[in-house]
Structures are given as C-alpha cells and as structure tokens.
file query04.cif (mmCIF, C-alpha atoms)
data_start
loop_
_atom_site.group_PDB
_atom_site.id
_atom_site.type_symbol
_atom_site.label_atom_id
_atom_site.label_comp_id
_atom_site.auth_asym_id
_atom_site.auth_seq_id
_atom_site.Cartn_x
_atom_site.Cartn_y
_atom_site.Cartn_z
ATOM 1 C CA MET Z 1 0.000 0.000 0.000
ATOM 2 C CA PRO Z 2 1.210 3.501 -0.716
ATOM 3 C CA CYS Z 3 3.007 5.376 2.049
ATOM 4 C CA TYR Z 4 0.678 7.990 3.544
ATOM 5 C CA ARG Z 5 3.318 10.734 3.690
ATOM 6 C CA SER Z 6 3.152 12.125 0.168
ATOM 7 C CA LYS Z 7 0.332 14.260 -1.204
ATOM 8 C CA ALA Z 8 -0.344 11.742 -3.979
ATOM 9 C CA ALA Z 9 -0.670 8.949 -1.401
ATOM 10 C CA ARG Z 10 -3.119 11.023 0.660
ATOM 11 C CA ARG Z 11 -5.146 11.775 -2.460
ATOM 12 C CA TYR Z 12 -5.159 8.040 -3.221
ATOM 13 C CA VAL Z 13 -6.653 7.241 0.193
ATOM 14 C CA TYR Z 14 -9.257 10.036 -0.113
ATOM 15 C CA ARG Z 15 -10.309 8.661 -3.493
ATOM 16 C CA LEU Z 16 -10.236 5.009 -2.439
ATOM 17 C CA ALA Z 17 -12.514 5.433 0.605
ATOM 18 C CA PRO Z 18 -15.613 6.617 -1.347
ATOM 19 C CA THR Z 19 -14.901 4.043 -4.073
ATOM 20 C CA MET Z 20 -15.032 1.218 -1.519
ATOM 21 C CA LEU Z 21 -18.178 2.707 -0.005
ATOM 22 C CA LEU Z 22 -19.705 2.755 -3.479
ATOM 23 C CA TYR Z 23 -18.727 -0.906 -3.866
ATOM 24 C CA LEU Z 24 -20.666 -1.817 -0.719
ATOM 25 C CA VAL Z 25 -23.704 0.143 -1.893
ATOM 26 C CA PHE Z 26 -23.629 -1.417 -5.403
ATOM 27 C CA LEU Z 27 -23.106 -4.889 -3.923
ATOM 28 C CA PHE Z 28 -26.120 -4.425 -1.658
ATOM 29 C CA ILE Z 29 -28.257 -3.178 -4.586
ATOM 30 C CA ALA Z 30 -27.235 -6.152 -6.771
ATOM 31 C CA GLN Z 31 -27.741 -8.743 -4.001
ATOM 32 C CA TRP Z 32 -31.080 -7.310 -2.917
ATOM 33 C CA THR Z 33 -32.428 -7.033 -6.474
ATOM 34 C CA PHE Z 34 -31.355 -10.557 -7.492
ATOM 35 C CA HIS Z 35 -32.964 -12.007 -4.361
ATOM 36 C CA HIS Z 36 -36.195 -10.002 -4.194
ATOM 37 C CA HIS Z 37 -36.925 -8.821 -7.753
ATOM 38 C CA PRO Z 38 -34.877 -11.012 -10.156
ATOM 39 C CA PRO Z 39 -34.236 -8.830 -13.213
ATOM 40 C CA THR Z 40 -34.763 -9.886 -16.818
ATOM 41 C CA GLY Z 41 -33.170 -8.999 -20.153
ATOM 42 C CA PRO Z 42 -30.096 -6.788 -20.422
ATOM 43 C CA LEU Z 43 -30.721 -5.485 -16.889
ATOM 44 C CA ILE Z 44 -29.306 -8.789 -15.551
ATOM 45 C CA TYR Z 45 -25.899 -8.029 -17.079
ATOM 46 C CA LEU Z 46 -26.023 -4.420 -15.943
ATOM 47 C CA LEU Z 47 -26.796 -5.409 -12.345
ATOM 48 C CA ALA Z 48 -24.220 -8.236 -12.347
ATOM 49 C CA ILE Z 49 -21.488 -5.887 -13.483
ATOM 50 C CA LEU Z 50 -22.515 -3.031 -11.134
ATOM 51 C CA PRO Z 51 -20.446 -4.113 -8.046
ATOM 52 C CA ALA Z 52 -17.429 -4.805 -10.280
ATOM 53 C CA LEU Z 53 -17.246 -1.170 -11.426
ATOM 54 C CA PRO Z 54 -15.897 0.342 -8.158
ATOM 55 C CA LEU Z 55 -13.364 -2.509 -7.919
ATOM 56 C CA ILE Z 56 -12.141 -1.731 -11.434
ATOM 57 C CA GLY Z 57 -12.110 1.899 -10.292
ATOM 58 C CA SER Z 58 -9.842 0.941 -7.379
ATOM 59 C CA LEU Z 59 -7.354 -0.454 -9.902
ATOM 60 C CA ALA Z 60 -7.549 2.743 -11.927
ATOM 61 C CA LEU Z 61 -6.913 4.710 -8.705
ATOM 62 C CA ILE Z 62 -3.665 2.887 -8.012
ATOM 63 C CA GLY Z 63 -2.651 3.612 -11.607
ATOM 64 C CA LEU Z 64 -3.498 7.268 -11.019
ATOM 65 C CA TYR Z 65 -1.434 7.211 -7.830
ATOM 66 C CA ILE Z 66 1.585 5.872 -9.737
ATOM 67 C CA THR Z 67 1.347 8.667 -12.308
ATOM 68 C CA GLU Z 68 0.810 11.382 -9.662
ATOM 69 C CA GLU Z 69 3.526 10.240 -7.253
ATOM 70 C CA SER Z 70 6.491 12.575 -7.706
ATOM 71 C CA ASP Z 71 8.831 10.552 -5.471
ATOM 72 C CA GLU Z 72 10.637 8.144 -7.833
ATOM 73 C CA PHE Z 73 11.562 5.829 -4.967
ATOM 74 C CA GLU Z 74 7.976 5.499 -3.704
ATOM 75 C CA ARG Z 75 6.778 4.915 -7.246
ATOM 76 C CA SER Z 76 9.342 2.186 -7.776
ATOM 77 C CA ILE Z 77 8.345 0.503 -4.486
ATOM 78 C CA ILE Z 78 4.656 0.486 -5.429
ATOM 79 C CA VAL Z 79 5.340 -0.814 -8.949
ATOM 80 C CA GLN Z 80 7.519 -3.650 -7.596
ATOM 81 C CA SER Z 81 4.887 -4.470 -4.947
ATOM 82 C CA MET Z 82 2.217 -4.616 -7.646
ATOM 83 C CA LEU Z 83 4.312 -7.011 -9.713
ATOM 84 C CA TRP Z 84 4.873 -9.269 -6.688
ATOM 85 C CA GLY Z 85 1.158 -8.965 -5.872
ATOM 86 C CA LEU Z 86 0.216 -10.050 -9.361
ATOM 87 C CA GLY Z 87 2.853 -12.797 -9.421
ATOM 88 C CA GLY Z 88 1.568 -14.167 -6.099
ATOM 89 C CA ALA Z 89 -2.096 -13.932 -7.138
ATOM 90 C CA LEU Z 90 -1.520 -15.628 -10.485
ATOM 91 C CA SER Z 91 0.614 -18.324 -8.833
ATOM 92 C CA VAL Z 92 -1.978 -19.177 -6.193
ATOM 93 C CA GLY Z 93 -4.755 -18.957 -8.797
ATOM 94 C CA THR Z 94 -2.907 -21.267 -11.166
ATOM 95 C CA ILE Z 95 -1.969 -23.812 -8.493
ATOM 96 C CA TRP Z 96 -5.508 -23.897 -7.118
ATOM 97 C CA GLY Z 97 -7.020 -23.983 -10.614
ATOM 98 C CA PHE Z 98 -5.089 -27.129 -11.464
ATOM 99 C CA LEU Z 99 -5.887 -28.733 -8.105
ATOM 100 C CA GLU Z 100 -9.563 -27.928 -8.694
ATOM 101 C CA ASP Z 101 -9.549 -29.249 -12.264
ATOM 102 C CA TYR Z 102 -7.616 -32.453 -11.639
ATOM 103 C CA ALA Z 103 -7.423 -33.307 -7.919
ATOM 104 C CA LYS Z 104 -11.014 -32.434 -6.942
ATOM 105 C CA ALA Z 105 -9.968 -29.590 -4.643
ATOM 106 C CA PRO Z 106 -12.921 -27.468 -3.432
ATOM 107 C CA HIS Z 107 -13.982 -24.656 -5.775
ATOM 108 C CA ILE Z 108 -12.984 -21.124 -4.937
ATOM 109 C CA SER Z 109 -14.269 -18.125 -6.867
ATOM 110 C CA ILE Z 110 -12.081 -16.412 -9.468
ATOM 111 C CA PHE Z 111 -12.723 -13.270 -7.382
ATOM 112 C CA HIS Z 112 -9.982 -14.492 -5.028
ATOM 113 C CA VAL Z 113 -7.360 -13.570 -7.630
ATOM 114 C CA TYR Z 114 -8.265 -9.923 -6.973
ATOM 115 C CA LEU Z 115 -8.107 -10.448 -3.191
ATOM 116 C CA PHE Z 116 -4.793 -12.323 -3.372
ATOM 117 C CA PHE Z 117 -3.374 -9.503 -5.485
ATOM 118 C CA TRP Z 118 -3.918 -6.985 -2.652
ATOM 119 C CA ILE Z 119 -2.807 -9.445 0.049
ATOM 120 C CA PHE Z 120 0.478 -10.282 -1.723
ATOM 121 C CA MET Z 121 1.019 -6.642 -2.576
ATOM 122 C CA GLY Z 122 0.605 -5.718 1.102
ATOM 123 C CA ILE Z 123 2.951 -8.501 2.230
ATOM 124 C CA SER Z 124 5.662 -7.694 -0.325
ATOM 125 C CA THR Z 125 5.817 -3.915 0.268
ATOM 126 C CA PRO Z 126 7.705 -3.989 3.636
ATOM 127 C CA PHE Z 127 10.142 -6.587 2.282
ATOM 128 C CA ILE Z 128 10.898 -4.464 -0.795
ATOM 129 C CA ARG Z 129 11.439 -1.422 1.451
ATOM 130 C CA MET Z 130 13.738 -3.446 3.670
ATOM 131 C CA ARG Z 131 15.967 -4.234 0.672
ATOM 132 C CA TYR Z 132 16.770 -0.534 0.248
ATOM 133 C CA ARG Z 133 17.619 0.159 3.883
ATOM 134 C CA MET A 1 7.900 -9.762 -36.370
ATOM 135 C CA LEU A 2 11.079 -10.763 -34.582
ATOM 136 C CA ASN A 3 13.304 -7.934 -33.477
ATOM 137 C CA THR A 4 16.942 -8.619 -34.375
ATOM 138 C CA ASN A 5 18.302 -5.658 -32.383
ATOM 139 C CA LEU A 6 18.127 -7.427 -29.053
ATOM 140 C CA SER A 7 20.999 -7.519 -26.607
ATOM 141 C CA ARG A 8 22.469 -10.856 -25.507
ATOM 142 C CA PHE A 9 20.686 -10.559 -22.165
ATOM 143 C CA GLN A 10 17.345 -9.736 -23.833
ATOM 144 C CA ARG A 11 17.724 -12.661 -26.242
ATOM 145 C CA ARG A 12 18.560 -15.046 -23.395
ATOM 146 C CA SER A 13 15.643 -13.793 -21.286
ATOM 147 C CA LEU A 14 13.268 -14.190 -24.232
ATOM 148 C CA ALA A 15 14.534 -17.736 -24.858
ATOM 149 C CA LEU A 16 14.149 -18.696 -21.180
ATOM 150 C CA PHE A 17 10.701 -17.075 -21.030
ATOM 151 C CA SER A 18 9.526 -18.946 -24.157
ATOM 152 C CA ALA A 19 11.008 -22.225 -22.903
ATOM 153 C CA SER A 20 9.245 -21.982 -19.546
ATOM 154 C CA LEU A 21 5.908 -21.262 -21.257
ATOM 155 C CA LEU A 22 6.453 -24.221 -23.581
ATOM 156 C CA ILE A 23 7.288 -26.492 -20.626
ATOM 157 C CA THR A 24 4.124 -25.268 -18.853
ATOM 158 C CA ALA A 25 2.053 -26.171 -21.927
ATOM 159 C CA LEU A 26 3.698 -29.606 -22.278
ATOM 160 C CA ILE A 27 3.279 -30.499 -18.596
ATOM 161 C CA THR A 28 -0.352 -29.288 -18.715
ATOM 162 C CA MET A 29 -1.003 -31.632 -21.641
ATOM 163 C CA PHE A 30 0.676 -34.498 -19.770
ATOM 164 C CA VAL A 31 -1.334 -33.861 -16.581
ATOM 165 C CA HIS A 32 -4.570 -33.538 -18.540
ATOM 166 C CA ASP A 33 -3.836 -36.843 -20.257
ATOM 167 C CA TYR A 34 -2.863 -38.491 -16.949
ATOM 168 C CA PHE A 35 -6.147 -37.635 -15.224
ATOM 169 C CA ARG A 36 -8.248 -38.517 -18.274
ATOM 170 C CA HIS A 37 -7.459 -42.175 -17.734
ATOM 171 C CA GLN A 38 -10.040 -43.747 -15.454
ATOM 172 C CA HIS A 39 -7.591 -45.892 -13.468
ATOM 173 C CA HIS A 40 -5.617 -42.856 -12.263
ATOM 174 C CA SER A 41 -6.938 -41.615 -8.946
ATOM 175 C CA THR A 42 -7.990 -37.974 -8.625
ATOM 176 C CA THR A 43 -7.596 -37.976 -4.850
ATOM 177 C CA GLY A 44 -4.683 -38.441 -2.489
ATOM 178 C CA LEU A 45 -1.256 -36.909 -2.167
ATOM 179 C CA LEU A 46 0.083 -38.110 -5.541
ATOM 180 C CA ALA A 47 -2.911 -36.632 -7.375
ATOM 181 C CA TRP A 48 -2.338 -33.280 -5.639
ATOM 182 C CA PHE A 49 1.353 -33.393 -6.503
ATOM 183 C CA ILE A 50 0.695 -34.183 -10.182
ATOM 184 C CA ALA A 51 -2.000 -31.482 -10.348
ATOM 185 C CA LEU A 52 0.554 -29.032 -8.956
ATOM 186 C CA LEU A 53 3.173 -29.852 -11.626
ATOM 187 C CA PRO A 54 1.970 -27.465 -14.410
ATOM 188 C CA SER A 55 2.094 -24.495 -12.079
ATOM 189 C CA LEU A 56 5.795 -25.008 -11.280
ATOM 190 C CA PRO A 57 7.236 -23.844 -14.644
ATOM 191 C CA PHE A 58 4.741 -20.983 -14.569
ATOM 192 C CA LEU A 59 6.154 -19.888 -11.200
ATOM 193 C CA GLY A 60 9.530 -20.011 -12.938
ATOM 194 C CA THR A 61 8.149 -17.721 -15.658
ATOM 195 C CA ILE A 62 7.125 -15.162 -13.030
ATOM 196 C CA LEU A 63 10.579 -15.271 -11.438
ATOM 197 C CA LEU A 64 12.181 -14.897 -14.880
ATOM 198 C CA ALA A 65 10.064 -11.816 -15.602
ATOM 199 C CA LEU A 66 11.006 -10.250 -12.249
ATOM 200 C CA ARG A 67 14.683 -11.099 -12.829
ATOM 201 C CA TYR A 68 14.536 -9.542 -16.290
ATOM 202 C CA ILE A 69 13.096 -6.299 -14.910
ATOM 203 C CA ARG A 70 15.757 -6.142 -12.200
ATOM 204 C CA ARG A 71 18.682 -6.739 -14.564
ATOM 205 C CA GLU A 72 17.616 -4.925 -17.753
ATOM 206 C CA ARG A 73 20.119 -2.093 -18.294
ATOM 207 C CA ASP A 74 18.167 -0.235 -20.981
ATOM 208 C CA GLU A 75 16.049 2.150 -18.873
ATOM 209 C CA PHE A 76 13.672 2.906 -21.732
ATOM 210 C CA ILE A 77 12.936 -0.743 -22.552
ATOM 211 C CA ARG A 78 12.540 -1.547 -18.855
ATOM 212 C CA ALA A 79 10.020 1.283 -18.463
ATOM 213 C CA GLN A 80 8.059 0.051 -21.502
ATOM 214 C CA VAL A 81 8.027 -3.564 -20.246
ATOM 215 C CA LEU A 82 6.966 -2.441 -16.757
ATOM 216 C CA LEU A 83 4.155 -0.296 -18.164
ATOM 217 C CA ALA A 84 2.960 -3.181 -20.343
ATOM 218 C CA LEU A 85 3.020 -5.588 -17.359
ATOM 219 C CA LEU A 86 1.065 -3.128 -15.212
ATOM 220 C CA GLN A 87 -1.522 -2.586 -17.936
ATOM 221 C CA GLY A 88 -1.726 -6.355 -18.415
ATOM 222 C CA SER A 89 -2.318 -6.805 -14.696
ATOM 223 C CA PHE A 90 -5.065 -4.131 -14.628
ATOM 224 C CA ILE A 91 -6.861 -5.861 -17.505
ATOM 225 C CA THR A 92 -6.440 -9.294 -15.857
ATOM 226 C CA LEU A 93 -7.746 -8.155 -12.476
ATOM 227 C CA ALA A 94 -10.660 -6.297 -14.093
ATOM 228 C CA PHE A 95 -11.445 -9.490 -16.054
ATOM 229 C CA THR A 96 -11.399 -11.667 -12.911
ATOM 230 C CA VAL A 97 -13.672 -9.274 -11.010
ATOM 231 C CA VAL A 98 -16.222 -9.015 -13.842
ATOM 232 C CA TYR A 99 -16.101 -12.781 -14.470
ATOM 233 C CA ALA A 100 -16.575 -13.495 -10.743
ATOM 234 C CA PHE A 101 -19.727 -11.369 -10.562
ATOM 235 C CA PHE A 102 -21.100 -12.886 -13.784
ATOM 236 C CA GLN A 103 -20.428 -16.329 -12.327
ATOM 237 C CA ASN A 104 -22.101 -15.357 -9.088
ATOM 238 C CA TYR A 105 -25.262 -13.805 -10.517
ATOM 239 C CA LEU A 106 -25.644 -15.390 -13.973
ATOM 240 C CA ASN A 107 -24.373 -18.898 -13.104
ATOM 241 C CA ILE A 108 -21.940 -19.054 -16.004
ATOM 242 C CA PRO A 109 -19.415 -21.957 -15.836
ATOM 243 C CA SER A 110 -16.135 -21.604 -13.924
ATOM 244 C CA ALA A 111 -13.157 -20.390 -15.919
ATOM 245 C CA PRO A 112 -10.592 -23.162 -16.547
ATOM 246 C CA ALA A 113 -7.284 -23.051 -14.660
ATOM 247 C CA MET A 114 -4.843 -20.478 -16.030
ATOM 248 C CA THR A 115 -7.482 -18.488 -17.968
ATOM 249 C CA TYR A 116 -6.349 -15.321 -16.226
ATOM 250 C CA VAL A 117 -2.724 -16.190 -16.966
ATOM 251 C CA ASP A 118 -3.613 -16.309 -20.663
ATOM 252 C CA VAL A 119 -5.481 -13.008 -20.330
ATOM 253 C CA PHE A 120 -2.462 -11.468 -18.592
ATOM 254 C CA LEU A 121 0.062 -12.695 -21.166
ATOM 255 C CA ILE A 122 -2.044 -11.616 -24.161
ATOM 256 C CA ALA A 123 -2.942 -8.212 -22.637
ATOM 257 C CA SER A 124 0.691 -7.477 -21.670
ATOM 258 C CA MET A 125 1.976 -8.580 -25.073
ATOM 259 C CA PHE A 126 -0.488 -6.332 -26.904
ATOM 260 C CA ALA A 127 0.271 -3.420 -24.565
ATOM 261 C CA LEU A 128 4.019 -3.803 -25.144
ATOM 262 C CA SER A 129 3.706 -4.017 -28.921
ATOM 263 C CA ILE A 130 1.458 -0.911 -28.948
ATOM 264 C CA HIS A 131 3.940 1.043 -26.766
ATOM 265 C CA LEU A 132 6.948 0.062 -28.838
ATOM 266 C CA ARG A 133 5.130 0.837 -32.087
ATOM 267 C CA SER A 134 3.987 4.249 -30.823
ATOM 268 C CA VAL A 135 7.530 5.364 -29.915
ATOM 269 C CA ARG A 136 9.117 4.255 -33.210
#
call {"tool": "encode", "arguments": {"input": "query04.cif", "output": "structure tokens"}}
result
Amino acid sequence: MPCYRSKAARRYVYRLAPTMLLYLVFLFIAQWTFHHHPPTGPLIYLLAILPALPLIGSLALIGLYITEESDEFERSIIVQSMLWGLGGALSVGTIWGFLEDYAKAPHISIFHVYLFFWIFMGISTPFIRMRYR
Amino acid sequence: MLNTNLSRFQRRSLALFSASLLITALITMFVHDYFRHQHHSTTGLLAWFIALLPSLPFLGTILLALRYIRRERDEFIRAQVLLALLQGSFITLAFTVVYAFFQNYLNIPSAPAMTYVDVFLIASMFALSIHLRSVR
C-alpha cells in the first residue's frame, strides 16, 4: 500500500474510501435485487457488473497514484509491490485452478485472484522497502 | 515480427521465457492426459502433486520476468516492459472481477485453470507491442 506521507498517497486514500463505499452500496443493490426482484433482459448483465465497477475503479486509482507520485523511490516501491502482488495472485490462482480441475480440490471463486493480489502486494511492500535500507 | 536488435541478455531472457511457457504447456497436456485415464486416482497426495506440476514452470516464468526487470540495463525498454506488465495486470484483475460477478449472478461456468494467466500474457503482449510501435 502507498506510504501515507506524500500528497499523492493522501489523495489516493481520499479517493479510495468513497470508491469502496460505493462498492458496498452497489453490492447491496445487486444482491437485494437478485434475491427479491430477479431482473430480466439486459438489466441482468447491468446489475451483475454493477459491483465490479468500483473494484475496477480501485485499480484505476492505483494507476493514477503511480502517475501522480512525484517521489521516484515510492513509485518504484509500489510498482515492484504490484508485480509481486500479481505474481503471487496468479501463482496461487494457477496452483488452485489445477488442483480444482484435476485433484477435486474445493472450488474457490475467481474473485480471489483480486483479493490475493492486494494481500500479496501488502505482504511484499515492507520486504521491498527493507531491501533498500 | 522478430526484433533482431536485441541484446544478448534480452535474447537469453526471451529464450528462457519462451522455454518456460512451452514447458508449462507440455506439462499441462501431460497432466490432462494423466487424469483422463479412469484408473488414475484424482484424490490423495500423488494426485495433488501431479495437479501441482503445471504451475511449477509458470512460477519459474514469473521469477524470470522479475529477474529480467531487475537486470535490464536499458532504462527505456525496462520502463516500456513495466508499463505493459502493469496494464496487463489491470486488464487481468478487471477481467477476474467481472467474471466473478457474472459467475455469481448469472451462473456461467467456472473459468478453466490459467485463464487469467492467458489473459495477462495476451494483454501485456499487446500493450508492449502498442507502446513500442507508438515510440518508433
């Protein structure tokens, strides 16, 4: 996660908070509608994609943070963390995918790739920082 | 089109990268074939180990990519590769999120293993070729 010291990092947090709030609201709307008034026609796709929009927005926000961050060092740390985050998420996703396909491991949603990305990114950041100390 | 102006390091990295992807594909085919036979068990420790095999060369591919980024001396090329990888990861994560919600609400079938890896590789490759073409 970005260091909270720089202005760009603060802006990132201020933008991320309402985006996550929006995600909760959209998720509630989608869940409630599918359970109580199941939609028909193109509205199904629109409602299914609704909670995904703020999450895609959160990815765009981190991209925006990278472009706005003036500190080269911080930018490099976040880019490296993202690569480790993605590497970790794809690795776990791939391993579990094969176990699921061939060894009858229990199914986990593809959504976990997104969660693992943030988890691995968070874990890798302090280690990357430590390398430069 | 193959670029002939690659440094020795870039050529070696490309060869290693291609080899690891090829090994991943070959092992995947072997594992798929192994489990297709009825007498091979799909439970137990051996089954888990064999199912894990295709992911091992892919983990190697990730390490190769990270090693390449760390050791590439051409700042410009490194920046272009990094940008392409980041754009590839944005597209991959956006794909997984959208697919997950479609799966959840529209009951579409689960994506096969490594779908997102394919999405990532294709998206990053396209992003890199677009970047390199735009700066020519």
call {"tool": "closest_residue", "arguments": {"input": "query04.cif", "among": "A:Glu72, A:Thr96, A:Ala84, A:Arg67", "to": "chain Z", "atoms": "all atoms listed in the file"}}
result
A:Thr96
call {"tool": "closest_atom_pairs", "arguments": {"input": "query04.cif", "of": "chain A", "to": "chain Z", "cutoff": "8 Å", "atoms": "all atoms listed in the file", "output": "JSON lines"}}
result
{"residue": "A:His32", "atom": "CA", "partner": "Z:Tyr102", "partner_atom": "CA", "distance": 7.6}
{"residue": "A:Phe35", "atom": "CA", "partner": "Z:Tyr102", "partner_atom": "CA", "distance": 6.5}
{"residue": "A:Thr42", "atom": "CA", "partner": "Z:Ala103", "partner_atom": "CA", "distance": 4.8}
{"residue": "A:Thr43", "atom": "CA", "partner": "Z:Ala103", "partner_atom": "CA", "distance": 5.6}
{"residue": "A:Gly44", "atom": "CA", "partner": "Z:Ala103", "partner_atom": "CA", "distance": 8.0}
{"residue": "A:Ala47", "atom": "CA", "partner": "Z:Ala103", "partner_atom": "CA", "distance": 5.6}
{"residue": "A:Trp48", "atom": "CA", "partner": "Z:Ala103", "partner_atom": "CA", "distance": 5.6}
{"residue": "A:Ala51", "atom": "CA", "partner": "Z:Leu99", "partner_atom": "CA", "distance": 5.3}
{"residue": "A:Leu52", "atom": "CA", "partner": "Z:Ile95", "partner_atom": "CA", "distance": 5.8}
{"residue": "A:Pro54", "atom": "CA", "partner": "Z:Phe98", "partner_atom": "CA", "distance": 7.7}
{"residue": "A:Ser55", "atom": "CA", "partner": "Z:Ile95", "partner_atom": "CA", "distance": 5.5}
{"residue": "A:Phe58", "atom": "CA", "partner": "Z:Ser91", "partner_atom": "CA", "distance": 7.6}
{"residue": "A:Leu59", "atom": "CA", "partner": "Z:Ser91", "partner_atom": "CA", "distance": 6.2}
{"residue": "A:Ile62", "atom": "CA", "partner": "Z:Gly87", "partner_atom": "CA", "distance": 6.1}
{"residue": "A:Leu66", "atom": "CA", "partner": "Z:Leu83", "partner_atom": "CA", "distance": 7.9}
{"residue": "A:Leu85", "atom": "CA", "partner": "Z:Leu83", "partner_atom": "CA", "distance": 7.9}
{"residue": "A:Leu86", "atom": "CA", "partner": "Z:Leu83", "partner_atom": "CA", "distance": 7.5}
{"residue": "A:Ser89", "atom": "CA", "partner": "Z:Leu86", "partner_atom": "CA", "distance": 6.7}
{"residue": "A:Phe90", "atom": "CA", "partner": "Z:Leu59", "partner_atom": "CA", "distance": 6.4}
{"residue": "A:Leu93", "atom": "CA", "partner": "Z:Tyr114", "partner_atom": "CA", "distance": 5.8}
{"residue": "A:Ala94", "atom": "CA", "partner": "Z:Ile56", "partner_atom": "CA", "distance": 5.5}
{"residue": "A:Thr96", "atom": "CA", "partner": "Z:Ile110", "partner_atom": "CA", "distance": 5.9}
{"residue": "A:Val97", "atom": "CA", "partner": "Z:Phe111", "partner_atom": "CA", "distance": 5.5}
{"residue": "A:Val98", "atom": "CA", "partner": "Z:Ala52", "partner_atom": "CA", "distance": 5.6}
{"residue": "A:Tyr99", "atom": "CA", "partner": "Z:Ile110", "partner_atom": "CA", "distance": 7.4}
{"residue": "A:Ala100", "atom": "CA", "partner": "Z:Phe111", "partner_atom": "CA", "distance": 5.1}
{"residue": "A:Phe101", "atom": "CA", "partner": "Z:Ala48", "partner_atom": "CA", "distance": 5.8}
{"residue": "A:Phe102", "atom": "CA", "partner": "Z:Ala48", "partner_atom": "CA", "distance": 5.8}
{"residue": "A:Tyr105", "atom": "CA", "partner": "Z:Ala48", "partner_atom": "CA", "distance": 6.0}
{"residue": "A:Leu106", "atom": "CA", "partner": "Z:Ala48", "partner_atom": "CA", "distance": 7.5}
{"residue": "A:Ser110", "atom": "CA", "partner": "Z:Ile110", "partner_atom": "CA", "distance": 8.0}
{"residue": "A:Ala111", "atom": "CA", "partner": "Z:Ile110", "partner_atom": "CA", "distance": 7.7}
{"residue": "A:Pro112", "atom": "CA", "partner": "Z:Gly97", "partner_atom": "CA", "distance": 7.0}
{"residue": "A:Ala113", "atom": "CA", "partner": "Z:Gly97", "partner_atom": "CA", "distance": 4.2}
{"residue": "A:Met114", "atom": "CA", "partner": "Z:Thr94", "partner_atom": "CA", "distance": 5.3}
{"residue": "A:Tyr116", "atom": "CA", "partner": "Z:Leu90", "partner_atom": "CA", "distance": 7.5}
{"residue": "A:Val117", "atom": "CA", "partner": "Z:Leu90", "partner_atom": "CA", "distance": 6.6}
call {"tool": "closest_residue", "arguments": {"input": "query04.cif", "among": "A:Ser129, A:Asn107, A:Ser7, A:Thr61", "to": "Ala19 in chain A", "atoms": "all atoms listed in the file"}}
result
A:Thr61
call {"tool": "resolve_selection", "arguments": {"input": "query04.cif", "expression": "the PyMOL selection byres ((chain Z and resi 10-21) around 9)", "output": "MDAnalysis selection string"}}
result
chainID Z and resid 2:9 22:26 54:55 57:58 61:62 64:65
call {"tool": "closest_residue", "arguments": {"input": "query04.cif", "among": "A:Ile122, A:Ala79, A:Leu16, A:Ala127", "to": "Ala65 in chain A", "atoms": "all atoms listed in the file"}}
result
A:Leu16
call {"tool": "atom_distance", "arguments": {"input": "query04.cif", "atom1": "CA of Thr24 in chain A", "atom2": "CA of Leu56 in chain A"}}
result
7.8 Å
call {"tool": "axis_aligned_box", "arguments": {"input": "query04.cif", "around": "range 33-46 of chain Z", "padding_each_side": "3 Å", "output": "lines of an AutoDock Vina configuration file"}}
result
center_x = -31.4
center_y = -8.2
center_z = -12.3
size_x = 17.0
size_y = 13.6
size_z = 22.2
call {"tool": "residues_around", "arguments": {"input": "query04.cif", "residues": "Ala123 in chain A", "least_positions_apart": "5", "cutoff": "8 Å", "atoms": "only C-alpha atoms", "output": "list in words"}}
result
Gln87, Gly88, Ile91 and Thr92 of chain A
call {"tool": "write_last_selection", "arguments": {"input": "query04.cif", "atoms": "C-alpha atoms", "output": "PDB file, in the coordinates of the input"}}
result
ATOM      1  CA  GLN A  87      -1.522  -2.586 -17.936  1.00  0.00           C
ATOM      2  CA  GLY A  88      -1.726  -6.355 -18.415  1.00  0.00           C
ATOM      3  CA  ILE A  91      -6.861  -5.861 -17.505  1.00  0.00           C
ATOM      4  CA  THR A  92      -6.440  -9.294 -15.857  1.00  0.00           C
TER       5      THR A  92
END
call {"tool": "residues_near_point", "arguments": {"input": "query04.cif", "point": "(7.3, 1.0, -4.4)", "cutoff": "9 Å", "atoms": "all atoms listed in the file", "output": "list in words"}}
result
Met1, Pro2, Cys3, Glu72, Phe73, Glu74, Arg75, Ser76, Ile77, Ile78, Val79, Gln80, Ser81, Met82, Thr125, Ile128 and Arg129 of chain Z
